[in-house]
$ cat start-v4.csv   # CSV, C-alpha atoms
chain,number,residue,atom,x,y,z
L,6,MET,CA,0.0,0.0,0.0
L,7,ALA,CA,2.9,2.4,0.7
L,8,ALA,CA,4.0,2.2,-2.9
L,9,ALA,CA,0.5,2.8,-4.3
L,10,SER,CA,-0.2,5.8,-2.0
L,11,GLY,CA,3.3,7.2,-3.0
L,12,SER,CA,2.4,7.1,-6.7
L,13,ALA,CA,-0.8,9.0,-6.0
L,14,ARG,CA,1.4,12.0,-4.9
L,15,LEU,CA,3.3,12.1,-8.2
L,16,ARG,CA,2.1,14.7,-10.7
L,17,ARG,CA,2.0,13.2,-14.2
L,18,CYS,CA,1.2,14.1,-17.7
L,19,VAL,CA,-0.5,11.4,-19.7
L,20,VAL,CA,-0.8,10.9,-23.5
L,21,SER,CA,-3.7,8.5,-24.2
L,22,PRO,CA,-3.5,6.0,-27.0
L,23,ALA,CA,-5.5,6.8,-30.1
L,24,GLY,CA,-7.2,3.4,-30.0
L,25,ARG,CA,-7.7,0.6,-27.5
L,26,HIS,CA,-5.2,0.7,-24.6
L,27,SER,CA,-3.2,-2.5,-24.4
L,28,ALA,CA,0.2,-1.4,-23.2
L,29,SER,CA,1.8,1.4,-21.2
L,30,LEU,CA,5.1,3.3,-21.2
L,31,ILE,CA,6.5,5.2,-18.2
L,32,PHE,CA,8.9,7.9,-19.4
L,33,LEU,CA,11.1,9.6,-16.7
L,34,HIS,CA,12.5,13.1,-17.2
L,35,GLY,CA,16.0,14.3,-16.4
L,36,SER,CA,17.0,16.3,-13.3
L,37,GLY,CA,15.3,19.6,-12.9
L,38,ASP,CA,12.6,18.9,-15.5
L,39,SER,CA,9.0,17.8,-15.2
L,40,GLY,CA,6.7,15.3,-16.9
L,41,LYS,CA,5.0,18.1,-18.8
L,42,GLY,CA,8.4,19.6,-19.7
L,43,LEU,CA,9.7,16.3,-21.2
L,44,ARG,CA,6.5,15.8,-23.2
L,45,MET,CA,6.8,19.3,-24.7
L,46,TRP,CA,10.5,18.8,-25.4
L,47,ILE,CA,9.8,15.6,-27.3
L,48,LYS,CA,7.0,17.3,-29.2
L,49,GLN,CA,9.3,20.2,-30.1
L,50,VAL,CA,12.0,17.7,-31.4
L,51,LEU,CA,9.6,15.5,-33.3
L,52,ASN,CA,7.3,18.4,-34.4
L,53,GLN,CA,4.4,16.3,-33.0
L,54,ASP,CA,3.5,14.3,-29.8
L,55,LEU,CA,5.0,10.9,-29.3
L,56,THR,CA,1.8,8.9,-29.7
L,57,PHE,CA,0.8,5.3,-30.4
L,58,GLU,CA,-2.5,3.6,-31.4
L,59,HIS,CA,-2.4,1.3,-28.3
L,60,VAL,CA,0.2,2.5,-25.9
L,61,LYS,CA,-0.5,5.0,-23.1
L,62,ILE,CA,2.5,7.2,-22.2
L,63,ILE,CA,2.9,8.4,-18.6
L,64,TYR,CA,5.3,11.2,-17.9
L,65,PRO,CA,5.5,11.5,-14.1
L,66,THR,CA,7.2,14.5,-12.4
L,67,ALA,CA,9.8,13.8,-9.7
L,68,PRO,CA,9.1,15.5,-6.3
L,69,SER,CA,11.2,18.5,-5.4
L,70,ARG,CA,14.0,17.6,-2.9
L,71,PRO,CA,17.4,18.9,-1.9
L,72,TYR,CA,20.0,18.0,-4.5
L,73,THR,CA,23.6,17.8,-3.5
L,74,PRO,CA,25.1,18.8,-6.9
L,75,LEU,CA,23.1,22.1,-6.5
L,76,LYS,CA,24.7,22.6,-3.1
L,77,GLY,CA,21.5,21.3,-1.5
L,78,GLY,CA,19.2,23.5,-3.5
L,79,PHE,CA,15.7,22.1,-4.3
L,80,SER,CA,15.1,20.4,-7.7
L,81,ASN,CA,12.7,17.9,-9.3
L,82,VAL,CA,15.0,14.9,-9.1
L,83,TRP,CA,14.3,11.2,-8.8
L,84,PHE,CA,17.1,10.7,-6.3
L,85,ASP,CA,20.1,12.5,-4.8
L,86,ARG,CA,23.7,12.2,-6.1
L,87,PHE,CA,26.9,12.8,-4.1
L,88,LYS,CA,28.2,14.3,-7.4
L,89,ILE,CA,27.7,13.9,-11.2
L,90,SER,CA,30.3,11.2,-11.7
L,91,ASN,CA,30.3,7.5,-12.4
L,92,ASP,CA,33.1,7.0,-9.9
L,93,CYS,CA,31.4,7.6,-6.6
L,94,PRO,CA,28.9,5.8,-4.4
L,95,GLU,CA,25.2,5.8,-5.2
L,96,HIS,CA,22.7,7.6,-2.9
L,97,LEU,CA,20.8,4.3,-2.4
L,98,GLU,CA,18.5,5.6,0.3
L,99,SER,CA,16.8,8.0,-2.1
L,100,ILE,CA,17.0,5.6,-5.1
L,101,ASP,CA,15.2,2.9,-3.1
L,102,ALA,CA,12.6,5.2,-1.8
L,103,MET,CA,11.7,6.4,-5.3
L,104,CYS,CA,11.7,2.8,-6.6
L,105,GLN,CA,8.9,2.2,-4.1
L,106,VAL,CA,7.0,5.2,-5.3
L,107,LEU,CA,7.4,4.3,-9.0
L,108,THR,CA,6.3,0.7,-8.2
L,109,GLY,CA,3.0,2.3,-7.4
L,110,LEU,CA,2.7,3.6,-11.0
L,111,ILE,CA,3.4,0.1,-12.4
L,112,ASP,CA,0.9,-1.3,-10.0
L,113,ASP,CA,-1.7,1.2,-11.1
L,114,GLU,CA,-1.3,0.0,-14.7
L,115,VAL,CA,-1.5,-3.6,-13.7
L,116,ARG,CA,-4.7,-2.9,-11.7
L,117,SER,CA,-6.2,-1.3,-14.8
L,118,GLY,CA,-5.7,-4.5,-16.8
L,119,ILE,CA,-2.3,-4.1,-18.4
L,120,ARG,CA,0.1,-7.0,-17.9
L,121,LYS,CA,3.6,-6.4,-16.6
L,122,ASN,CA,5.1,-7.7,-19.8
L,123,ARG,CA,3.2,-5.0,-21.7
L,124,ILE,CA,4.8,-2.2,-19.7
L,125,LEU,CA,8.1,-0.4,-20.7
L,126,VAL,CA,10.1,1.9,-18.4
L,127,GLY,CA,12.8,4.4,-19.4
L,128,GLY,CA,14.0,7.9,-19.3
L,129,PHE,CA,16.4,10.6,-20.2
L,130,SER,CA,19.6,11.2,-18.2
L,131,MET,CA,18.8,10.7,-14.5
L,132,GLY,CA,15.4,9.3,-15.6
L,133,GLY,CA,17.1,6.5,-17.5
L,134,CYS,CA,19.3,5.6,-14.5
L,135,MET,CA,16.2,5.5,-12.3
L,136,ALA,CA,14.5,3.3,-14.9
L,137,MET,CA,17.4,0.8,-14.8
L,138,HIS,CA,17.2,0.6,-11.0
L,139,LEU,CA,13.5,0.2,-11.1
L,140,ALA,CA,13.5,-2.6,-13.7
L,141,TYR,CA,16.6,-4.5,-13.0
L,142,ARG,CA,16.4,-4.5,-9.2
L,143,ASN,CA,12.6,-4.6,-8.7
L,144,HIS,CA,10.6,-5.4,-11.9
L,145,GLN,CA,12.6,-7.8,-14.1
L,146,ASP,CA,9.3,-8.9,-15.7
L,147,VAL,CA,8.6,-5.6,-17.6
L,148,ALA,CA,8.8,-5.6,-21.4
L,149,GLY,CA,12.0,-3.6,-21.6
L,150,VAL,CA,14.0,-0.6,-20.5
L,151,PHE,CA,15.3,2.4,-22.3
L,152,ALA,CA,18.0,4.9,-21.2
L,153,LEU,CA,18.9,8.1,-23.2
L,154,SER,CA,22.1,9.9,-22.3
L,155,SER,CA,22.2,7.9,-19.0
L,156,PHE,CA,24.7,5.9,-16.9
L,157,LEU,CA,25.1,3.8,-13.8
L,158,ASN,CA,27.9,4.3,-11.3
L,159,LYS,CA,30.8,1.9,-11.4
L,160,ALA,CA,29.8,-0.1,-8.3
L,161,SER,CA,26.0,0.3,-9.0
L,162,ALA,CA,23.5,-1.8,-6.9
L,163,VAL,CA,22.1,-2.8,-10.3
L,164,TYR,CA,25.2,-4.7,-11.1
L,165,GLN,CA,25.3,-6.3,-7.7
L,166,THR,CA,21.7,-7.5,-8.1
L,167,LEU,CA,22.3,-8.9,-11.6
L,168,GLN,CA,25.4,-10.8,-10.4
L,169,LYS,CA,23.0,-13.0,-8.4
L,170,ASN,CA,20.4,-13.3,-11.1
L,171,ASP,CA,19.9,-16.3,-13.4
L,172,GLY,CA,16.5,-15.4,-14.9
L,173,VAL,CA,15.4,-13.7,-18.1
L,174,LEU,CA,16.1,-9.9,-18.0
L,175,PRO,CA,14.3,-7.1,-19.9
L,176,GLU,CA,16.1,-5.9,-23.0
L,177,LEU,CA,17.9,-2.5,-22.8
L,178,PHE,CA,17.7,0.2,-25.5
L,179,GLN,CA,20.4,2.8,-25.0
L,180,CYS,CA,21.3,6.0,-26.9
L,181,HIS,CA,24.1,8.5,-26.2
L,182,GLY,CA,25.5,11.6,-28.0
L,183,THR,CA,29.2,11.5,-28.6
L,184,ALA,CA,29.5,15.2,-27.7
L,185,ASP,CA,27.8,14.9,-24.3
L,186,GLU,CA,29.9,16.9,-21.8
L,187,LEU,CA,27.6,16.3,-18.8
L,188,VAL,CA,27.2,12.5,-19.0
L,189,LEU,CA,30.2,11.3,-20.9
L,190,HIS,CA,29.6,9.0,-23.9
L,191,SER,CA,32.1,6.6,-22.3
L,192,TRP,CA,30.0,6.3,-19.1
L,193,GLY,CA,27.1,5.2,-21.2
L,194,GLU,CA,29.2,2.7,-23.1
L,195,GLU,CA,30.7,1.3,-19.9
L,196,THR,CA,27.2,0.9,-18.5
L,197,ASN,CA,26.0,-0.9,-21.6
L,198,SER,CA,29.0,-3.2,-21.6
L,199,MET,CA,28.6,-4.1,-18.0
L,200,LEU,CA,24.9,-4.9,-18.3
L,201,LYS,CA,25.6,-7.0,-21.4
L,202,PHE,CA,28.3,-8.9,-19.4
L,203,LEU,CA,25.7,-9.5,-16.7
L,204,GLY,CA,23.2,-11.1,-19.1
L,205,VAL,CA,21.1,-8.2,-20.4
L,206,ASN,CA,20.3,-8.2,-24.1
L,207,THR,CA,21.4,-4.6,-25.0
L,208,ASN,CA,21.3,-2.2,-27.9
L,209,PHE,CA,23.6,0.9,-27.8
L,210,TYR,CA,23.4,3.6,-30.4
L,211,SER,CA,25.9,6.5,-30.6
L,212,PHE,CA,24.8,9.8,-32.1
L,213,PRO,CA,27.7,11.9,-33.5
L,214,ASN,CA,27.9,15.5,-32.5
L,215,LEU,CA,24.9,15.2,-30.1
L,216,TYR,CA,25.3,16.9,-26.7
L,217,HIS,CA,23.2,16.2,-23.6
L,218,GLU,CA,20.0,16.4,-25.5
L,219,LEU,CA,17.4,14.5,-27.5
L,220,SER,CA,17.4,14.3,-31.3
L,221,LYS,CA,14.8,13.5,-33.9
L,222,SER,CA,16.6,10.4,-35.3
L,223,GLU,CA,17.1,9.1,-31.7
L,224,LEU,CA,13.4,9.4,-30.9
L,225,GLU,CA,12.4,7.8,-34.1
L,226,LYS,CA,14.7,4.9,-33.4
L,227,LEU,CA,13.2,4.7,-29.9
L,228,LYS,CA,9.7,4.7,-31.3
L,229,SER,CA,10.5,1.8,-33.6
L,230,TRP,CA,12.0,-0.2,-30.7
L,231,ILE,CA,8.9,0.5,-28.5
L,232,LEU,CA,6.7,-1.0,-31.2
L,233,THR,CA,8.9,-4.1,-31.4
L,234,LYS,CA,8.6,-4.6,-27.6
L,235,LEU,CA,4.9,-3.5,-27.4
L,236,PRO,CA,3.3,-4.6,-30.7
L,237,GLY,CA,-0.4,-4.0,-31.2
L,238,GLU,CA,-2.6,-6.9,-30.0
L,239,MET,CA,-5.6,-8.5,-31.7
L,240,GLU,CA,-8.9,-7.3,-30.2
L,241,GLY,CA,-9.8,-9.4,-27.1
L,242,GLN,CA,-6.4,-11.0,-26.7
L,243,ASN,CA,-5.6,-8.9,-23.6
L,244,GLU,CA,-9.0,-9.4,-21.9
$ encode --input "start-v4.csv" --output "structure tokens"
Amino acid sequence: MAAASGSARLRRCVVSPAGRHSASLIFLHGSGDSGKGLRMWIKQVLNQDLTFEHVKIIYPTAPSRPYTPLKGGFSNVWFDRFKISNDCPEHLESIDAMCQVLTGLIDDEVRSGIRKNRILVGGFSMGGCMAMHLAYRNHQDVAGVFALSSFLNKASAVYQTLQKNDGVLPELFQCHGTADELVLHSWGEETNSMLKFLGVNTNFYSFPNLYHELSKSELEKLKSWILTKLPGEMEGQNE
């Protein structure tokens, strides 16, 4: 119940499917942004909303909390970081608390009739990192995970969990700009290599001259991947 009540406190922006709802996608924004802000950014890049005939897209907003990289200033972040680096400990207390809250969002979809293997989780930057913690440590039965301009710390709890895992893991779709100066391309590559070593089926796409941002070609590639993981279903199959 704690997880469900926590999810109720998350503000969210929802893009409903054009037709019958048979799958859901939870798209987590980067630090300092909002669900509405991410939706509008994607709309600006694509010149239209990211929409599907059968997939509901949920853009939640992280609660405002003190953020150490901002010298303790408040920001909409999924968790705290000691610093923006892949070579420092994770702030697991805040990560685990948010995993519980976001579990409530997944539970809400399941209660509405959507199976776990018809739910994708992912995000941009910090949102992608949060999605990897959520899926690989708590919900290994989701349809897949995507991480755009994201990374995991070198000694991540995600790696520690997967070292003890022998089951089937959700596929990872990862994109990263080669010119990213905030989250280095090499951090993303290292994350992908480590997850692949630990048994995750991964895709990694590099985008030349792309900074810490989204691009149209990246989002179009993501959309194609989403449709391979969440294909449309025949009427009645999901009932």
$ closest_residue --input "start-v4.csv" --among "L:Tyr216, L:Trp192, L:Phe57, L:Tyr141" --to "Ile89 in chain L" --atoms "all atoms listed in the file"
L:Trp192
$ closest_residue --input "start-v4.csv" --among "L:Glu223, L:Asp38, L:Asp185, L:Glu195" --to "Val82 in chain L" --atoms "all atoms listed in the file"
L:Asp38
$ residues_near_point --input "start-v4.csv" --point "(24.2, 8.3, -30.2)" --cutoff "10 Å" --atoms "all atoms listed in the file" --output "list in words"
Leu153, Ser154, Gln179, Cys180, His181, Gly182, Thr183, Ala184, Asp185, His190, Gly193, Phe209, Tyr210, Ser211, Phe212, Pro213, Asn214, Leu215, Tyr216, Leu219, Ser220, Ser222 and Glu223 of chain L
$ residues_near_point --input "start-v4.csv" --point "(23.7, -11.7, -23.0)" --cutoff "12 Å" --atoms "all atoms listed in the file" --output "number ranges by chain"
L: 167, 171-177, 197-208
$ atom_distance --input "start-v4.csv" --atom1 "CA of Arg14 in chain L" --atom2 "CA of Leu107 in chain L"
10.6 Å
$ closest_residue --input "start-v4.csv" --among "L:Gly118, L:Gly128, L:Gly133, L:Gly78" --to "Leu43 in chain L" --atoms "all atoms listed in the file"
L:Gly128
$ residues_around --input "start-v4.csv" --residues "Cys134 in chain L" --least-positions-apart "2" --cutoff "10 Å" --atoms "only C-alpha atoms" --output "PyMOL selection string"
chain L and resi 33+35+83-84+100+127-132+136-139+151-158+163
$ atom_distance --input "start-v4.csv" --atom1 "CA of Asn81 in chain L" --atom2 "CA of Ile111 in chain L"
20.3 Å
$ residues_around --input "start-v4.csv" --residues "Met45 in chain L" --least-positions-apart "3" --cutoff "12 Å" --atoms "all atoms listed in the file" --output "VMD selection string"
chain L and resid 18 to 20 34 38 to 42 48 to 55 64 219
$ atom_distance --input "start-v4.csv" --atom1 "CA of Trp230 in chain L" --atom2 "CA of Ser36 in chain L"
24.5 Å
$ residues_around --input "start-v4.csv" --residues "Phe79 in chain L" --least-positions-apart "6" --cutoff "7 Å" --atoms "all atoms listed in the file" --output "number ranges by chain"
L: 69-72
$ residues_around --input "start-v4.csv" --residues "Val147 in chain L" --least-positions-apart "4" --cutoff "9 Å" --atoms "only C-alpha atoms" --output "JSON, numbers by chain"
{"L": [120, 121, 122, 123, 124, 125, 126, 140, 174, 175]}
$ closest_residue --input "start-v4.csv" --among "L:Glu218, L:Asp113, L:Glu58, L:Glu194" --to "Asn91 in chain L" --atoms "all atoms listed in the file"
L:Glu194
$ closest_residue --input "start-v4.csv" --among "L:Ser191, L:Thr108, L:Ser80, L:Ser90" --to "Ile31 in chain L" --atoms "only C-alpha atoms"
L:Thr108
$ build_atoms --input "start-v4.csv" --residues "range 123-134 of chain L" --atoms "all heavy atoms" --output "JSON list (two decimals), in the frame of the given file"
[["chain", "number", "residue", "atom", "x", "y", "z"],
["L", 123, "ARG", "N", 3.66, -5.96, -20.70],
["L", 123, "ARG", "CA", 3.20, -5.00, -21.70],
["L", 123, "ARG", "C", 3.47, -3.55, -21.15],
["L", 123, "ARG", "O", 2.83, -2.58, -21.56],
["L", 123, "ARG", "CB", 1.67, -5.14, -21.92],
["L", 123, "ARG", "CG", 1.29, -6.47, -22.55],
["L", 123, "ARG", "CD", 1.60, -6.53, -24.03],
["L", 123, "ARG", "NE", 0.78, -5.61, -24.80],
["L", 123, "ARG", "CZ", 1.02, -5.28, -26.07],
["L", 123, "ARG", "NH1", 2.08, -5.77, -26.70],
["L", 123, "ARG", "NH2", 0.22, -4.46, -26.72],
["L", 124, "ILE", "N", 4.45, -3.45, -20.24],
["L", 124, "ILE", "CA", 4.80, -2.20, -19.70],
["L", 124, "ILE", "C", 6.33, -1.93, -19.94],
["L", 124, "ILE", "O", 7.16, -2.79, -19.64],
["L", 124, "ILE", "CB", 4.55, -2.09, -18.17],
["L", 124, "ILE", "CG1", 3.04, -2.25, -17.89],
["L", 124, "ILE", "CG2", 5.06, -0.78, -17.57],
["L", 124, "ILE", "CD1", 2.68, -2.36, -16.42],
["L", 125, "LEU", "N", 6.66, -0.77, -20.49],
["L", 125, "LEU", "CA", 8.10, -0.40, -20.70],
["L", 125, "LEU", "C", 8.38, 0.77, -19.71],
["L", 125, "LEU", "O", 7.52, 1.62, -19.43],
["L", 125, "LEU", "CB", 8.27, 0.18, -22.10],
["L", 125, "LEU", "CG", 8.46, -0.79, -23.26],
["L", 125, "LEU", "CD1", 8.55, 0.00, -24.56],
["L", 125, "LEU", "CD2", 9.70, -1.64, -23.07],
["L", 126, "VAL", "N", 9.62, 0.81, -19.21],
["L", 126, "VAL", "CA", 10.10, 1.90, -18.40],
["L", 126, "VAL", "C", 11.37, 2.46, -18.95],
["L", 126, "VAL", "O", 12.20, 1.71, -19.47],
["L", 126, "VAL", "CB", 10.26, 1.52, -16.90],
["L", 126, "VAL", "CG1", 8.94, 1.09, -16.29],
["L", 126, "VAL", "CG2", 11.30, 0.43, -16.73],
["L", 127, "GLY", "N", 11.53, 3.77, -18.89],
["L", 127, "GLY", "CA", 12.80, 4.40, -19.40],
["L", 127, "GLY", "C", 12.80, 5.84, -19.10],
["L", 127, "GLY", "O", 11.92, 6.38, -18.43],
["L", 128, "GLY", "N", 13.85, 6.49, -19.60],
["L", 128, "GLY", "CA", 14.00, 7.90, -19.30],
["L", 128, "GLY", "C", 15.19, 8.53, -19.95],
["L", 128, "GLY", "O", 16.03, 7.87, -20.55],
["L", 129, "PHE", "N", 15.25, 9.84, -19.77],
["L", 129, "PHE", "CA", 16.40, 10.60, -20.20],
["L", 129, "PHE", "C", 17.28, 10.98, -19.05],
["L", 129, "PHE", "O", 16.80, 11.39, -17.99],
["L", 129, "PHE", "CB", 15.87, 11.94, -20.89],
["L", 129, "PHE", "CG", 16.98, 12.90, -21.27],
["L", 129, "PHE", "CD1", 17.75, 12.66, -22.41],
["L", 129, "PHE", "CD2", 17.27, 14.01, -20.50],
["L", 129, "PHE", "CE1", 18.79, 13.53, -22.76],
["L", 129, "PHE", "CE2", 18.29, 14.88, -20.84],
["L", 129, "PHE", "CZ", 19.06, 14.64, -21.98],
["L", 130, "SER", "N", 18.60, 10.79, -19.22],
["L", 130, "SER", "CA", 19.60, 11.20, -18.20],
["L", 130, "SER", "C", 19.31, 10.49, -16.88],
["L", 130, "SER", "O", 19.24, 9.27, -16.80],
["L", 130, "SER", "CB", 19.67, 12.70, -18.12],
["L", 130, "SER", "OG", 20.80, 13.11, -17.41],
["L", 131, "MET", "N", 19.09, 11.27, -15.83],
["L", 131, "MET", "CA", 18.80, 10.70, -14.50],
["L", 131, "MET", "C", 17.54, 9.77, -14.60],
["L", 131, "MET", "O", 17.46, 8.76, -13.90],
["L", 131, "MET", "CB", 18.51, 11.79, -13.50],
["L", 131, "MET", "CG", 18.00, 11.31, -12.16],
["L", 131, "MET", "SD", 17.60, 12.64, -11.02],
["L", 131, "MET", "CE", 19.16, 12.83, -10.17],
["L", 132, "GLY", "N", 16.60, 10.10, -15.48],
["L", 132, "GLY", "CA", 15.40, 9.30, -15.60],
["L", 132, "GLY", "C", 15.73, 7.89, -16.15],
["L", 132, "GLY", "O", 15.12, 6.90, -15.75],
["L", 133, "GLY", "N", 16.72, 7.79, -17.04],
["L", 133, "GLY", "CA", 17.10, 6.50, -17.50],
["L", 133, "GLY", "C", 17.83, 5.66, -16.47],
["L", 133, "GLY", "O", 17.62, 4.45, -16.37],
["L", 134, "CYS", "N", 18.64, 6.32, -15.65],
["L", 134, "CYS", "CA", 19.30, 5.60, -14.50],
["L", 134, "CYS", "C", 18.23, 5.12, -13.55],
["L", 134, "CYS", "O", 18.30, 3.96, -13.11],
["L", 134, "CYS", "CB", 20.23, 6.62, -13.82],
["L", 134, "CYS", "SG", 21.02, 5.96, -12.35]]
